[in-house]
Amino acid sequence: MRNLFFVLSLLAVSPLLAQKYMSRTAEVYFFSDKDAVELVEAVNNQVGAVVDLENGNIAFQIQMRAFHFDIALMEEHFNENYIESELYPKATFRGSFVALPKDLSTPKTVTVVGTMEFHGVKKEMELPVLVSLKESVLQGDAKFDLLCSDFNIDIPKIVADKLANTIQVTVSASLTKL
Amino acid sequence: MKYLVIFAFLCSSSVLAQDDLFSLLGEDNSNQEVHATFKGTRVINGQSIELPSYGDLQFVIEHRFGTINSGAYELWGLDQSQMRMSFDYGLSKNIAIGIARNSFQKTYEASLKAKLLKQKLENGSPISITSYHAVFVNTLKWTNTNRANLFSSRLSYAHQVMIARKFNQSFSLQLTPTYIHRNLVEFASINNDYLALGVGGRYKLTKRISVNAEYFHQLERPHENFTNSLSLGVDIETGGHVFQLHITNSRGMFERAFIGETTGTWSEGDLYFGFNISRVFGLK
């Protein structure tokens, strides 16, 4: 009887981890959509991502200081003047897949709805994500635009010719089963 | 045993949403270095703890005009200007080298600046420490050509340790103990070495504008005519440039000159208007 209880309780716990996929090295790349002499672009490949295929929930955690620019001064200005990383050290996205197909062996575009929290501002978003599941690696790719003005990021007039309000973001994550 | 079952079922319930997922990711924000304690590599006249970034060449042009109380005839000093040009290069993340030329006594400079300790956001050093070492070469023609004039007599040195803390987004403060050595002094009664303690700070008014202040107190004055250097200024940052505008009682722009040989006094209004402009070129 005791053993039976034990097995039952293990069975009950196991789904908690069974369908979770995680990565700490997901990549977020962005660039400012402007024809300028100096392209404003940065990449962060230390992004944390977790997906629970059981209920379709998604969580992303992005450390702002892990965005790296080719130009050191740009990186300092990004942290100091634009996203204020000491006040808002990270961005998060919490959301879920709207309808997750059962078969993910071929890449499929799935809609994700959720809340982006960035620079202290929360915004509801709906994003198409290309998802596939092969050999227990869950791959997700997304491309979307963010508006600086949506997230209270001021662009002074003096740099308006270098920096667009629209930032193009590319996310790529390979999550492994927990 | 019963509790274990209840616990297990509680855990597996679908109540746990994304917050649970975030707990899997954990926090890893603890050990980041503090950025931009000062906007520029100088507070006003004196060095700040900041270095040019690795692979960046920083070109700085500085001007100090004549005394403001010289009157309208001299356009309040604007007719007379002294300048300093410098190139500083970030050899690595923690070491920079520089060369410069000053109008004052036609002085050339070579310098080495090293980051020794960096302030962390949490769990780490509460301060940053940088050291600065410079040698100055006076290249004026010798006034007395009848005596043996040695090249070493042209040299003087400055060694500084900058200790700074960024208290919050706006406010940073720096202490600068300074040691200066002159190989040749005017009279035998004057010390070749002297010590000074500097205090500098900045307060950000907006994201791109800050007010700065700086004071150097001479612990041993090389000569009674020399006063302590006090400067007030504004930093304006525009992309790749930093403009620093200031009013100071020091006209010299290198350490030996403004720390040890300042002659102006604030109370009598013999002050100098000046500016620094820095531009960064990425060479990496």
# chains A, B, ... in the order shown; residues from 1 in each chain; ligands from 1
>>> residues_around(residues="Leu150 in chain B", least_positions_apart="4", cutoff="12 Å", atoms="only C-alpha atoms", output="JSON, numbers by chain")
{"B": [138, 139, 142, 144, 145, 154, 155, 183, 184]}
>>> residues_around(residues="range 41-52 of chain A", least_positions_apart="2", cutoff="7 Å", atoms="only C-alpha atoms", output="MDAnalysis selection string")
(chainID A and resid 19:32 39 54:63 66:69) or (chainID B and resid 21 25)
>>> select_by_dssp(residues="range 26-247 of chain B", states="strand (DSSP E)", output="mmCIF file with N, CA and C atoms, in the first residue's frame")
data_model
loop_
_atom_site.group_PDB
_atom_site.id
_atom_site.type_symbol
_atom_site.label_atom_id
_atom_site.label_comp_id
_atom_site.auth_asym_id
_atom_site.auth_seq_id
_atom_site.Cartn_x
_atom_site.Cartn_y
_atom_site.Cartn_z
ATOM 1 N N ASP B 56 39.025 51.921 -28.775
ATOM 2 C CA ASP B 56 38.570 53.253 -29.174
ATOM 3 C C ASP B 56 39.696 54.265 -29.031
ATOM 4 N N LEU B 57 39.790 55.139 -30.029
ATOM 5 C CA LEU B 57 40.723 56.254 -29.959
ATOM 6 C C LEU B 57 39.898 57.487 -29.614
ATOM 7 N N GLN B 58 40.292 58.142 -28.541
ATOM 8 C CA GLN B 58 39.544 59.329 -28.121
ATOM 9 C C GLN B 58 40.406 60.560 -28.354
ATOM 10 N N PHE B 59 39.860 61.491 -29.093
ATOM 11 C CA PHE B 59 40.562 62.740 -29.383
ATOM 12 C C PHE B 59 39.887 63.833 -28.562
ATOM 13 N N VAL B 60 40.675 64.524 -27.740
ATOM 14 C CA VAL B 60 40.100 65.588 -26.912
ATOM 15 C C VAL B 60 40.815 66.900 -27.226
ATOM 16 N N ILE B 61 40.029 67.937 -27.481
ATOM 17 C CA ILE B 61 40.592 69.283 -27.621
ATOM 18 C C ILE B 61 40.080 70.097 -26.458
ATOM 19 N N GLU B 62 40.999 70.751 -25.754
ATOM 20 C CA GLU B 62 40.600 71.581 -24.622
ATOM 21 C C GLU B 62 41.098 73.002 -24.850
ATOM 22 N N HIS B 63 40.306 73.954 -24.431
ATOM 23 C CA HIS B 63 40.696 75.359 -24.498
ATOM 24 C C HIS B 63 40.481 76.004 -23.144
ATOM 25 N N ARG B 64 41.385 76.878 -22.743
ATOM 26 C CA ARG B 64 41.140 77.774 -21.621
ATOM 27 C C ARG B 64 41.446 79.167 -22.129
ATOM 28 N N PHE B 65 40.462 80.049 -21.970
ATOM 29 C CA PHE B 65 40.648 81.414 -22.450
ATOM 30 C C PHE B 65 41.302 82.241 -21.349
ATOM 31 N N GLY B 66 41.487 83.548 -21.621
ATOM 32 C CA GLY B 66 42.101 84.429 -20.625
ATOM 33 C C GLY B 66 41.136 84.690 -19.488
ATOM 34 N N THR B 67 41.583 85.478 -18.500
ATOM 35 C CA THR B 67 40.717 85.721 -17.341
ATOM 36 C C THR B 67 39.463 86.484 -17.755
ATOM 37 N N SER B 81 43.883 82.409 -25.826
ATOM 38 C CA SER B 81 43.474 81.047 -25.509
ATOM 39 C C SER B 81 44.673 80.130 -25.443
ATOM 40 N N GLN B 82 44.588 79.179 -24.525
ATOM 41 C CA GLN B 82 45.594 78.137 -24.450
ATOM 42 C C GLN B 82 44.884 76.833 -24.768
ATOM 43 N N MET B 83 45.608 75.928 -25.374
ATOM 44 C CA MET B 83 44.919 74.693 -25.715
ATOM 45 C C MET B 83 45.728 73.466 -25.368
ATOM 46 N N ARG B 84 45.014 72.362 -25.334
ATOM 47 C CA ARG B 84 45.633 71.061 -25.120
ATOM 48 C C ARG B 84 44.956 70.100 -26.075
ATOM 49 N N MET B 85 45.756 69.277 -26.727
ATOM 50 C CA MET B 85 45.222 68.257 -27.632
ATOM 51 C C MET B 85 45.674 66.920 -27.096
ATOM 52 N N SER B 86 44.800 65.959 -27.087
ATOM 53 C CA SER B 86 45.268 64.654 -26.634
ATOM 54 C C SER B 86 44.622 63.523 -27.419
ATOM 55 N N PHE B 87 45.389 62.463 -27.546
ATOM 56 C CA PHE B 87 44.885 61.208 -28.110
ATOM 57 C C PHE B 87 45.022 60.143 -27.038
ATOM 58 N N ASP B 88 43.920 59.498 -26.715
ATOM 59 C CA ASP B 88 43.959 58.415 -25.741
ATOM 60 C C ASP B 88 43.393 57.175 -26.410
ATOM 61 N N TYR B 89 44.017 56.053 -26.140
ATOM 62 C CA TYR B 89 43.610 54.831 -26.813
ATOM 63 C C TYR B 89 43.398 53.714 -25.795
ATOM 64 N N GLY B 90 42.302 52.997 -25.926
ATOM 65 C CA GLY B 90 42.008 51.889 -25.024
ATOM 66 C C GLY B 90 42.722 50.628 -25.498
ATOM 67 N N ILE B 95 43.178 49.034 -19.600
ATOM 68 C CA ILE B 95 44.387 49.857 -19.722
ATOM 69 C C ILE B 95 44.257 50.804 -20.914
ATOM 70 N N ALA B 96 44.603 52.068 -20.678
ATOM 71 C CA ALA B 96 44.614 53.043 -21.765
ATOM 72 C C ALA B 96 45.935 53.800 -21.734
ATOM 73 N N ILE B 97 46.383 54.213 -22.930
ATOM 74 C CA ILE B 97 47.583 55.038 -22.996
ATOM 75 C C ILE B 97 47.236 56.328 -23.708
ATOM 76 N N GLY B 98 48.013 57.367 -23.487
ATOM 77 C CA GLY B 98 47.697 58.636 -24.122
ATOM 78 C C GLY B 98 48.925 59.481 -24.365
ATOM 79 N N ILE B 99 48.788 60.374 -25.365
ATOM 80 C CA ILE B 99 49.799 61.402 -25.574
ATOM 81 C C ILE B 99 49.072 62.728 -25.712
ATOM 82 N N ALA B 100 49.756 63.817 -25.343
ATOM 83 C CA ALA B 100 49.104 65.117 -25.409
ATOM 84 C C ALA B 100 50.134 66.218 -25.576
ATOM 85 N N ARG B 101 49.644 67.362 -25.989
ATOM 86 C CA ARG B 101 50.495 68.541 -26.131
ATOM 87 C C ARG B 101 49.721 69.730 -25.565
ATOM 88 N N ASN B 102 50.392 70.484 -24.682
ATOM 89 C CA ASN B 102 49.796 71.675 -24.069
ATOM 90 C C ASN B 102 50.510 72.930 -24.554
ATOM 91 N N THR B 107 54.307 71.961 -23.336
ATOM 92 C CA THR B 107 54.505 70.707 -22.616
ATOM 93 C C THR B 107 53.913 69.514 -23.370
ATOM 94 N N TYR B 108 54.732 68.489 -23.533
ATOM 95 C CA TYR B 108 54.253 67.206 -24.061
ATOM 96 C C TYR B 108 53.977 66.266 -22.901
ATOM 97 N N GLU B 109 53.051 65.351 -23.129
ATOM 98 C CA GLU B 109 52.674 64.418 -22.060
ATOM 99 C C GLU B 109 52.604 63.017 -22.617
ATOM 100 N N ALA B 110 52.927 62.057 -21.779
ATOM 101 C CA ALA B 110 52.602 60.656 -22.082
ATOM 102 C C ALA B 110 51.970 60.082 -20.827
ATOM 103 N N SER B 111 50.942 59.266 -21.006
ATOM 104 C CA SER B 111 50.233 58.802 -19.810
ATOM 105 C C SER B 111 49.802 57.354 -19.923
ATOM 106 N N LEU B 112 49.578 56.780 -18.773
ATOM 107 C CA LEU B 112 49.072 55.411 -18.657
ATOM 108 C C LEU B 112 47.953 55.439 -17.626
ATOM 109 N N LYS B 113 46.848 54.810 -17.964
ATOM 110 C CA LYS B 113 45.713 54.806 -17.050
ATOM 111 C C LYS B 113 45.228 53.371 -16.922
ATOM 112 N N ALA B 114 44.998 52.927 -15.698
ATOM 113 C CA ALA B 114 44.616 51.522 -15.504
ATOM 114 C C ALA B 114 43.450 51.406 -14.537
ATOM 115 N N LYS B 115 42.453 50.627 -14.932
ATOM 116 C CA LYS B 115 41.329 50.317 -14.037
ATOM 117 C C LYS B 115 41.768 49.215 -13.096
ATOM 118 N N LEU B 116 41.683 49.469 -11.814
ATOM 119 C CA LEU B 116 42.127 48.468 -10.846
ATOM 120 C C LEU B 116 40.956 47.731 -10.220
ATOM 121 N N LEU B 117 39.841 48.431 -10.030
ATOM 122 C CA LEU B 117 38.692 47.828 -9.360
ATOM 123 C C LEU B 117 37.429 48.461 -9.936
ATOM 124 N N SER B 128 34.849 52.105 -7.467
ATOM 125 C CA SER B 128 35.757 51.829 -8.578
ATOM 126 C C SER B 128 37.072 52.532 -8.291
ATOM 127 N N ILE B 129 38.169 51.900 -8.675
ATOM 128 C CA ILE B 129 39.480 52.527 -8.499
ATOM 129 C C ILE B 129 40.245 52.467 -9.818
ATOM 130 N N THR B 130 40.786 53.611 -10.213
ATOM 131 C CA THR B 130 41.613 53.687 -11.415
ATOM 132 C C THR B 130 42.877 54.441 -11.040
ATOM 133 N N SER B 131 43.998 54.057 -11.607
ATOM 134 C CA SER B 131 45.210 54.841 -11.342
ATOM 135 C C SER B 131 45.664 55.512 -12.629
ATOM 136 N N TYR B 132 46.325 56.652 -12.458
ATOM 137 C CA TYR B 132 46.768 57.457 -13.604
ATOM 138 C C TYR B 132 48.211 57.884 -13.382
ATOM 139 N N HIS B 133 49.016 57.722 -14.421
ATOM 140 C CA HIS B 133 50.436 58.051 -14.309
ATOM 141 C C HIS B 133 50.826 58.832 -15.550
ATOM 142 N N ALA B 134 51.460 59.982 -15.340
ATOM 143 C CA ALA B 134 51.820 60.802 -16.497
ATOM 144 C C ALA B 134 53.202 61.393 -16.309
ATOM 145 N N VAL B 135 53.873 61.559 -17.442
ATOM 146 C CA VAL B 135 55.146 62.274 -17.426
ATOM 147 C C VAL B 135 54.995 63.486 -18.348
ATOM 148 N N PHE B 136 55.486 64.627 -17.876
ATOM 149 C CA PHE B 136 55.350 65.885 -18.618
ATOM 150 C C PHE B 136 56.739 66.371 -19.039
ATOM 151 N N VAL B 137 56.825 66.827 -20.278
ATOM 152 C CA VAL B 137 58.105 67.331 -20.789
ATOM 153 C C VAL B 137 57.921 68.784 -21.203
ATOM 154 N N ASN B 138 58.556 69.675 -20.455
ATOM 155 C CA ASN B 138 58.547 71.087 -20.778
ATOM 156 C C ASN B 138 59.536 71.290 -21.926
ATOM 157 N N LEU B 155 61.613 67.329 -17.002
ATOM 158 C CA LEU B 155 60.567 66.346 -16.699
ATOM 159 C C LEU B 155 59.882 66.600 -15.360
ATOM 160 N N SER B 156 58.613 66.309 -15.342
ATOM 161 C CA SER B 156 57.867 66.250 -14.086
ATOM 162 C C SER B 156 56.863 65.112 -14.218
ATOM 163 N N TYR B 157 56.339 64.675 -13.068
ATOM 164 C CA TYR B 157 55.516 63.461 -13.054
ATOM 165 C C TYR B 157 54.268 63.671 -12.197
ATOM 166 N N ALA B 158 53.224 62.975 -12.547
ATOM 167 C CA ALA B 158 52.028 62.959 -11.694
ATOM 168 C C ALA B 158 51.564 61.523 -11.532
ATOM 169 N N HIS B 159 51.212 61.166 -10.314
ATOM 170 C CA HIS B 159 50.633 59.843 -10.042
ATOM 171 C C HIS B 159 49.358 60.067 -9.246
ATOM 172 N N GLN B 160 48.274 59.487 -9.716
ATOM 173 C CA GLN B 160 46.995 59.689 -9.046
ATOM 174 C C GLN B 160 46.278 58.368 -8.882
ATOM 175 N N VAL B 161 45.497 58.292 -7.825
ATOM 176 C CA VAL B 161 44.589 57.165 -7.652
ATOM 177 C C VAL B 161 43.182 57.760 -7.561
ATOM 178 N N MET B 162 42.324 57.361 -8.471
ATOM 179 C CA MET B 162 40.955 57.868 -8.459
ATOM 180 C C MET B 162 40.055 56.819 -7.807
ATOM 181 N N ILE B 163 39.338 57.250 -6.794
ATOM 182 C CA ILE B 163 38.429 56.337 -6.088
ATOM 183 C C ILE B 163 37.033 56.927 -6.234
ATOM 184 N N ALA B 164 36.145 56.217 -6.918
ATOM 185 C CA ALA B 164 34.840 56.811 -7.207
ATOM 186 C C ALA B 164 33.708 55.860 -6.871
ATOM 187 N N ARG B 165 32.578 56.461 -6.599
ATOM 188 C CA ARG B 165 31.368 55.669 -6.414
ATOM 189 C C ARG B 165 30.218 56.353 -7.133
ATOM 190 N N LYS B 166 29.479 55.553 -7.902
ATOM 191 C CA LYS B 166 28.237 56.042 -8.501
ATOM 192 C C LYS B 166 27.144 55.703 -7.509
ATOM 193 N N PHE B 171 24.050 60.724 -9.418
ATOM 194 C CA PHE B 171 25.118 61.292 -8.603
ATOM 195 C C PHE B 171 26.327 60.372 -8.489
ATOM 196 N N SER B 172 27.483 60.909 -8.843
ATOM 197 C CA SER B 172 28.750 60.190 -8.678
ATOM 198 C C SER B 172 29.742 61.093 -7.974
ATOM 199 N N LEU B 173 30.605 60.487 -7.144
ATOM 200 C CA LEU B 173 31.590 61.262 -6.405
ATOM 201 C C LEU B 173 32.943 60.564 -6.508
ATOM 202 N N GLN B 174 33.994 61.382 -6.580
ATOM 203 C CA GLN B 174 35.332 60.808 -6.729
ATOM 204 C C GLN B 174 36.338 61.503 -5.816
ATOM 205 N N LEU B 175 37.216 60.735 -5.209
ATOM 206 C CA LEU B 175 38.342 61.266 -4.441
ATOM 207 C C LEU B 175 39.616 60.972 -5.227
ATOM 208 N N THR B 176 40.530 61.927 -5.261
ATOM 209 C CA THR B 176 41.730 61.762 -6.070
ATOM 210 C C THR B 176 42.993 62.162 -5.312
ATOM 211 N N PRO B 177 43.567 61.240 -4.548
ATOM 212 C CA PRO B 177 44.870 61.519 -3.949
ATOM 213 C C PRO B 177 45.926 61.637 -5.059
ATOM 214 N N THR B 178 46.769 62.645 -4.958
ATOM 215 C CA THR B 178 47.702 62.959 -6.045
ATOM 216 C C THR B 178 49.103 63.188 -5.498
ATOM 217 N N TYR B 179 50.078 62.668 -6.223
ATOM 218 C CA TYR B 179 51.483 62.910 -5.888
ATOM 219 C C TYR B 179 52.146 63.486 -7.124
ATOM 220 N N ILE B 180 52.828 64.604 -6.954
ATOM 221 C CA ILE B 180 53.499 65.236 -8.100
ATOM 222 C C ILE B 180 54.970 65.435 -7.768
ATOM 223 N N HIS B 181 55.791 65.159 -8.760
ATOM 224 C CA HIS B 181 57.232 65.329 -8.574
ATOM 225 C C HIS B 181 57.779 66.179 -9.712
ATOM 226 N N ARG B 182 58.587 67.185 -9.352
ATOM 227 C CA ARG B 182 59.284 67.965 -10.377
ATOM 228 C C ARG B 182 60.777 67.737 -10.221
ATOM 229 N N ASP B 193 58.647 67.531 -4.375
ATOM 230 C CA ASP B 193 57.450 66.678 -4.320
ATOM 231 C C ASP B 193 56.330 67.409 -3.612
ATOM 232 N N TYR B 194 55.138 67.187 -4.044
ATOM 233 C CA TYR B 194 54.023 67.632 -3.220
ATOM 234 C C TYR B 194 52.813 66.734 -3.401
ATOM 235 N N LEU B 195 51.951 66.819 -2.388
ATOM 236 C CA LEU B 195 50.765 65.969 -2.355
ATOM 237 C C LEU B 195 49.522 66.836 -2.414
ATOM 238 N N ALA B 196 48.468 66.300 -3.006
ATOM 239 C CA ALA B 196 47.202 67.023 -3.050
ATOM 240 C C ALA B 196 46.075 66.000 -2.975
ATOM 241 N N LEU B 197 44.914 66.477 -2.553
ATOM 242 C CA LEU B 197 43.746 65.605 -2.537
ATOM 243 C C LEU B 197 42.636 66.272 -3.341
ATOM 244 N N GLY B 198 42.138 65.578 -4.335
ATOM 245 C CA GLY B 198 41.074 66.129 -5.177
ATOM 246 C C GLY B 198 39.724 65.524 -4.818
ATOM 247 N N VAL B 199 38.680 66.330 -5.011
ATOM 248 C CA VAL B 199 37.311 65.851 -4.863
ATOM 249 C C VAL B 199 36.550 66.280 -6.107
ATOM 250 N N GLY B 200 35.869 65.369 -6.733
ATOM 251 C CA GLY B 200 35.103 65.722 -7.927
ATOM 252 C C GLY B 200 33.765 65.019 -7.903
ATOM 253 N N GLY B 201 32.790 65.628 -8.531
ATOM 254 C CA GLY B 201 31.478 64.980 -8.569
ATOM 255 C C GLY B 201 30.686 65.413 -9.769
ATOM 256 N N ARG B 202 29.668 64.630 -10.068
ATOM 257 C CA ARG B 202 28.760 65.036 -11.137
ATOM 258 C C ARG B 202 27.325 64.734 -10.706
ATOM 259 N N TYR B 203 26.428 65.567 -11.188
ATOM 260 C CA TYR B 203 25.018 65.339 -10.955
ATOM 261 C C TYR B 203 24.306 65.477 -12.292
ATOM 262 N N LYS B 204 23.600 64.405 -12.681
ATOM 263 C CA LYS B 204 22.920 64.434 -13.977
ATOM 264 C C LYS B 204 21.598 65.176 -13.862
ATOM 265 N N ILE B 209 22.714 65.672 -19.911
ATOM 266 C CA ILE B 209 23.361 66.874 -19.372
ATOM 267 C C ILE B 209 23.651 66.664 -17.889
ATOM 268 N N SER B 210 24.887 66.985 -17.498
ATOM 269 C CA SER B 210 25.209 66.890 -16.079
ATOM 270 C C SER B 210 25.981 68.137 -15.650
ATOM 271 N N VAL B 211 25.916 68.458 -14.354
ATOM 272 C CA VAL B 211 26.773 69.517 -13.809
ATOM 273 C C VAL B 211 27.890 68.838 -13.029
ATOM 274 N N ASN B 212 29.089 69.385 -13.171
ATOM 275 C CA ASN B 212 30.263 68.800 -12.530
ATOM 276 C C ASN B 212 30.961 69.845 -11.672
ATOM 277 N N ALA B 213 31.635 69.383 -10.629
ATOM 278 C CA ALA B 213 32.444 70.272 -9.807
ATOM 279 C C ALA B 213 33.695 69.528 -9.400
ATOM 280 N N GLU B 214 34.762 70.285 -9.203
ATOM 281 C CA GLU B 214 36.040 69.635 -8.897
ATOM 282 C C GLU B 214 36.907 70.586 -8.068
ATOM 283 N N TYR B 215 37.561 70.038 -7.059
ATOM 284 C CA TYR B 215 38.426 70.843 -6.202
ATOM 285 C C TYR B 215 39.666 70.034 -5.848
ATOM 286 N N PHE B 216 40.823 70.677 -5.964
ATOM 287 C CA PHE B 216 42.072 70.030 -5.545
ATOM 288 C C PHE B 216 42.671 70.809 -4.395
ATOM 289 N N HIS B 217 42.864 70.150 -3.287
ATOM 290 C CA HIS B 217 43.449 70.793 -2.120
ATOM 291 C C HIS B 217 44.922 70.387 -2.019
ATOM 292 N N GLN B 218 45.798 71.379 -2.022
ATOM 293 C CA GLN B 218 47.234 71.081 -1.910
ATOM 294 C C GLN B 218 47.570 70.840 -0.446
ATOM 295 N N SER B 229 42.855 74.647 -6.841
ATOM 296 C CA SER B 229 42.061 74.681 -8.071
ATOM 297 C C SER B 229 40.605 74.318 -7.792
ATOM 298 N N LEU B 230 39.698 75.195 -8.224
ATOM 299 C CA LEU B 230 38.264 74.916 -8.102
ATOM 300 C C LEU B 230 37.601 75.162 -9.457
ATOM 301 N N SER B 231 36.846 74.198 -9.915
ATOM 302 C CA SER B 231 36.232 74.300 -11.238
ATOM 303 C C SER B 231 34.778 73.861 -11.176
ATOM 304 N N LEU B 232 33.944 74.544 -11.948
ATOM 305 C CA LEU B 232 32.533 74.169 -12.081
ATOM 306 C C LEU B 232 32.234 74.014 -13.561
ATOM 307 N N GLY B 233 31.440 73.031 -13.920
ATOM 308 C CA GLY B 233 31.203 72.830 -15.343
ATOM 309 C C GLY B 233 29.914 72.103 -15.654
ATOM 310 N N VAL B 234 29.633 72.054 -16.954
ATOM 311 C CA VAL B 234 28.456 71.355 -17.473
ATOM 312 C C VAL B 234 28.921 70.391 -18.561
ATOM 313 N N ASP B 235 28.464 69.151 -18.519
ATOM 314 C CA ASP B 235 28.747 68.172 -19.580
ATOM 315 C C ASP B 235 27.511 68.014 -20.451
ATOM 316 N N ILE B 236 27.723 68.081 -21.752
ATOM 317 C CA ILE B 236 26.605 67.847 -22.673
ATOM 318 C C ILE B 236 27.033 66.730 -23.618
ATOM 319 N N GLU B 237 26.217 65.699 -23.695
ATOM 320 C CA GLU B 237 26.583 64.561 -24.520
ATOM 321 C C GLU B 237 25.677 64.489 -25.731
ATOM 322 N N THR B 238 26.277 64.348 -26.912
ATOM 323 C CA THR B 238 25.475 64.219 -28.132
ATOM 324 C C THR B 238 26.072 63.097 -28.952
ATOM 325 N N HIS B 241 30.017 62.634 -29.286
ATOM 326 C CA HIS B 241 30.752 63.758 -28.695
ATOM 327 C C HIS B 241 30.362 63.971 -27.244
ATOM 328 N N VAL B 242 31.322 64.459 -26.447
ATOM 329 C CA VAL B 242 30.967 65.028 -25.150
ATOM 330 C C VAL B 242 31.529 66.447 -25.142
ATOM 331 N N PHE B 243 30.676 67.428 -24.871
ATOM 332 C CA PHE B 243 31.108 68.812 -24.709
ATOM 333 C C PHE B 243 31.131 69.108 -23.221
ATOM 334 N N GLN B 244 32.260 69.638 -22.757
ATOM 335 C CA GLN B 244 32.337 70.038 -21.357
ATOM 336 C C GLN B 244 32.659 71.531 -21.333
ATOM 337 N N LEU B 245 31.784 72.316 -20.724
ATOM 338 C CA LEU B 245 32.001 73.758 -20.596
ATOM 339 C C LEU B 245 32.239 74.051 -19.127
ATOM 340 N N HIS B 246 33.235 74.907 -18.834
ATOM 341 C CA HIS B 246 33.479 75.143 -17.420
ATOM 342 C C HIS B 246 34.118 76.488 -17.131
ATOM 343 N N ILE B 247 34.066 76.821 -15.851
ATOM 344 C CA ILE B 247 34.739 77.998 -15.340
ATOM 345 C C ILE B 247 35.673 77.520 -14.245
#
>>> select_by_dssp(residues="range 11-88 of chain B", states="alpha helix (DSSP H)", output="NGL selection string")
:B and (11-12 or 18-25)
>>> write_last_selection(atoms="C-alpha atoms", output="tab-separated table (two decimals), in the first residue's frame")
chain	number	residue	atom	x	y	z
B	11	CYS	CA	2.35	20.65	-7.32
B	12	SER	CA	0.99	19.06	-10.42
B	18	GLN	CA	4.35	31.44	-16.07
B	19	ASP	CA	5.60	32.59	-12.67
B	20	ASP	CA	6.66	29.04	-12.11
B	21	LEU	CA	8.50	29.11	-15.41
B	22	PHE	CA	10.33	32.27	-14.36
B	23	SER	CA	11.44	30.59	-11.16
B	24	LEU	CA	13.11	27.95	-13.33
B	25	LEU	CA	15.11	30.67	-15.05
>>> closest_residue(among="B:Gln119, B:Asn149, B:Ser103, B:Asn168", to="chain A", atoms="only C-alpha atoms")
B:Asn168
>>> atom_distance(atom1="CA of His119 in chain A", atom2="CA of Asp161 in chain A")
22.7 Å
>>> residues_around(residues="Ala160 in chain A", least_positions_apart="6", cutoff="12 Å", atoms="only C-alpha atoms", output="list in words")
Ser32, Asp33, Lys34, Asp35, Ala36, Val40, Asp154 and Thr166 of chain A; Thr238 and Gly239 of chain B
>>> closest_residue(among="B:Ser278, B:Glu268, B:Glu255, B:Ser189", to="Gln47 in chain B", atoms="only C-alpha atoms")
B:Glu255
>>> closest_residue(among="B:Ala72, B:Leu121, B:Leu140, B:Leu205", to="chain A", atoms="only C-alpha atoms")
B:Leu121
>>> residues_around(residues="Lys143 in chain A", least_positions_apart="5", cutoff="8 Å", atoms="only C-alpha atoms", output="PDB file with N, CA and C atoms, in the first residue's frame")
ATOM      1  N   PRO A 128       3.451  35.999 -34.299  1.00  0.00           N
ATOM      2  CA  PRO A 128       3.544  34.698 -34.954  1.00  0.00           C
ATOM      3  C   PRO A 128       4.931  34.095 -34.709  1.00  0.00           C
ATOM      4  N   VAL A 129       4.963  32.846 -34.272  1.00  0.00           N
ATOM      5  CA  VAL A 129       6.238  32.180 -33.978  1.00  0.00           C
ATOM      6  C   VAL A 129       6.313  30.880 -34.769  1.00  0.00           C
ATOM      7  N   GLN A 168      13.516  46.574 -35.176  1.00  0.00           N
ATOM      8  CA  GLN A 168      13.212  45.221 -35.648  1.00  0.00           C
ATOM      9  C   GLN A 168      13.910  44.196 -34.772  1.00  0.00           C
ATOM     10  N   VAL A 169      13.127  43.278 -34.250  1.00  0.00           N
ATOM     11  CA  VAL A 169      13.651  42.301 -33.299  1.00  0.00           C
ATOM     12  C   VAL A 169      13.559  40.901 -33.898  1.00  0.00           C
ATOM     13  N   THR A 170      14.623  40.140 -33.746  1.00  0.00           N
ATOM     14  CA  THR A 170      14.625  38.742 -34.178  1.00  0.00           C
ATOM     15  C   THR A 170      14.950  37.872 -32.970  1.00  0.00           C
ATOM     16  N   VAL A 171      14.128  36.860 -32.742  1.00  0.00           N
ATOM     17  CA  VAL A 171      14.349  35.965 -31.612  1.00  0.00           C
ATOM     18  C   VAL A 171      14.550  34.556 -32.140  1.00  0.00           C
TER      19      VAL A 171
END
>>> decode(residues="range 138-144 of chain A", atoms="N, CA and C atoms", output="PDB file, in the first residue's frame")
ATOM      1  N   LEU A 138      13.119  21.854 -28.873  1.00  0.00           N
ATOM      2  CA  LEU A 138      12.023  22.724 -29.298  1.00  0.00           C
ATOM      3  C   LEU A 138      12.635  23.993 -29.870  1.00  0.00           C
ATOM      4  N   GLN A 139      12.392  24.220 -31.150  1.00  0.00           N
ATOM      5  CA  GLN A 139      12.978  25.389 -31.811  1.00  0.00           C
ATOM      6  C   GLN A 139      11.889  26.429 -32.053  1.00  0.00           C
ATOM      7  N   GLY A 140      12.172  27.674 -31.663  1.00  0.00           N
ATOM      8  CA  GLY A 140      11.216  28.755 -31.901  1.00  0.00           C
ATOM      9  C   GLY A 140      11.908  29.945 -32.528  1.00  0.00           C
ATOM     10  N   ASP A 141      11.291  30.511 -33.570  1.00  0.00           N
ATOM     11  CA  ASP A 141      11.854  31.693 -34.232  1.00  0.00           C
ATOM     12  C   ASP A 141      10.754  32.715 -34.421  1.00  0.00           C
ATOM     13  N   ALA A 142      11.097  33.976 -34.138  1.00  0.00           N
ATOM     14  CA  ALA A 142      10.097  35.028 -34.320  1.00  0.00           C
ATOM     15  C   ALA A 142      10.772  36.296 -34.786  1.00  0.00           C
ATOM     16  N   LYS A 143      10.020  37.085 -35.512  1.00  0.00           N
ATOM     17  CA  LYS A 143      10.511  38.369 -36.006  1.00  0.00           C
ATOM     18  C   LYS A 143       9.373  39.356 -35.816  1.00  0.00           C
ATOM     19  N   PHE A 144       9.659  40.461 -35.150  1.00  0.00           N
ATOM     20  CA  PHE A 144       8.586  41.436 -34.948  1.00  0.00           C
ATOM     21  C   PHE A 144       9.171  42.823 -34.749  1.00  0.00           C
TER      22      PHE A 144
END
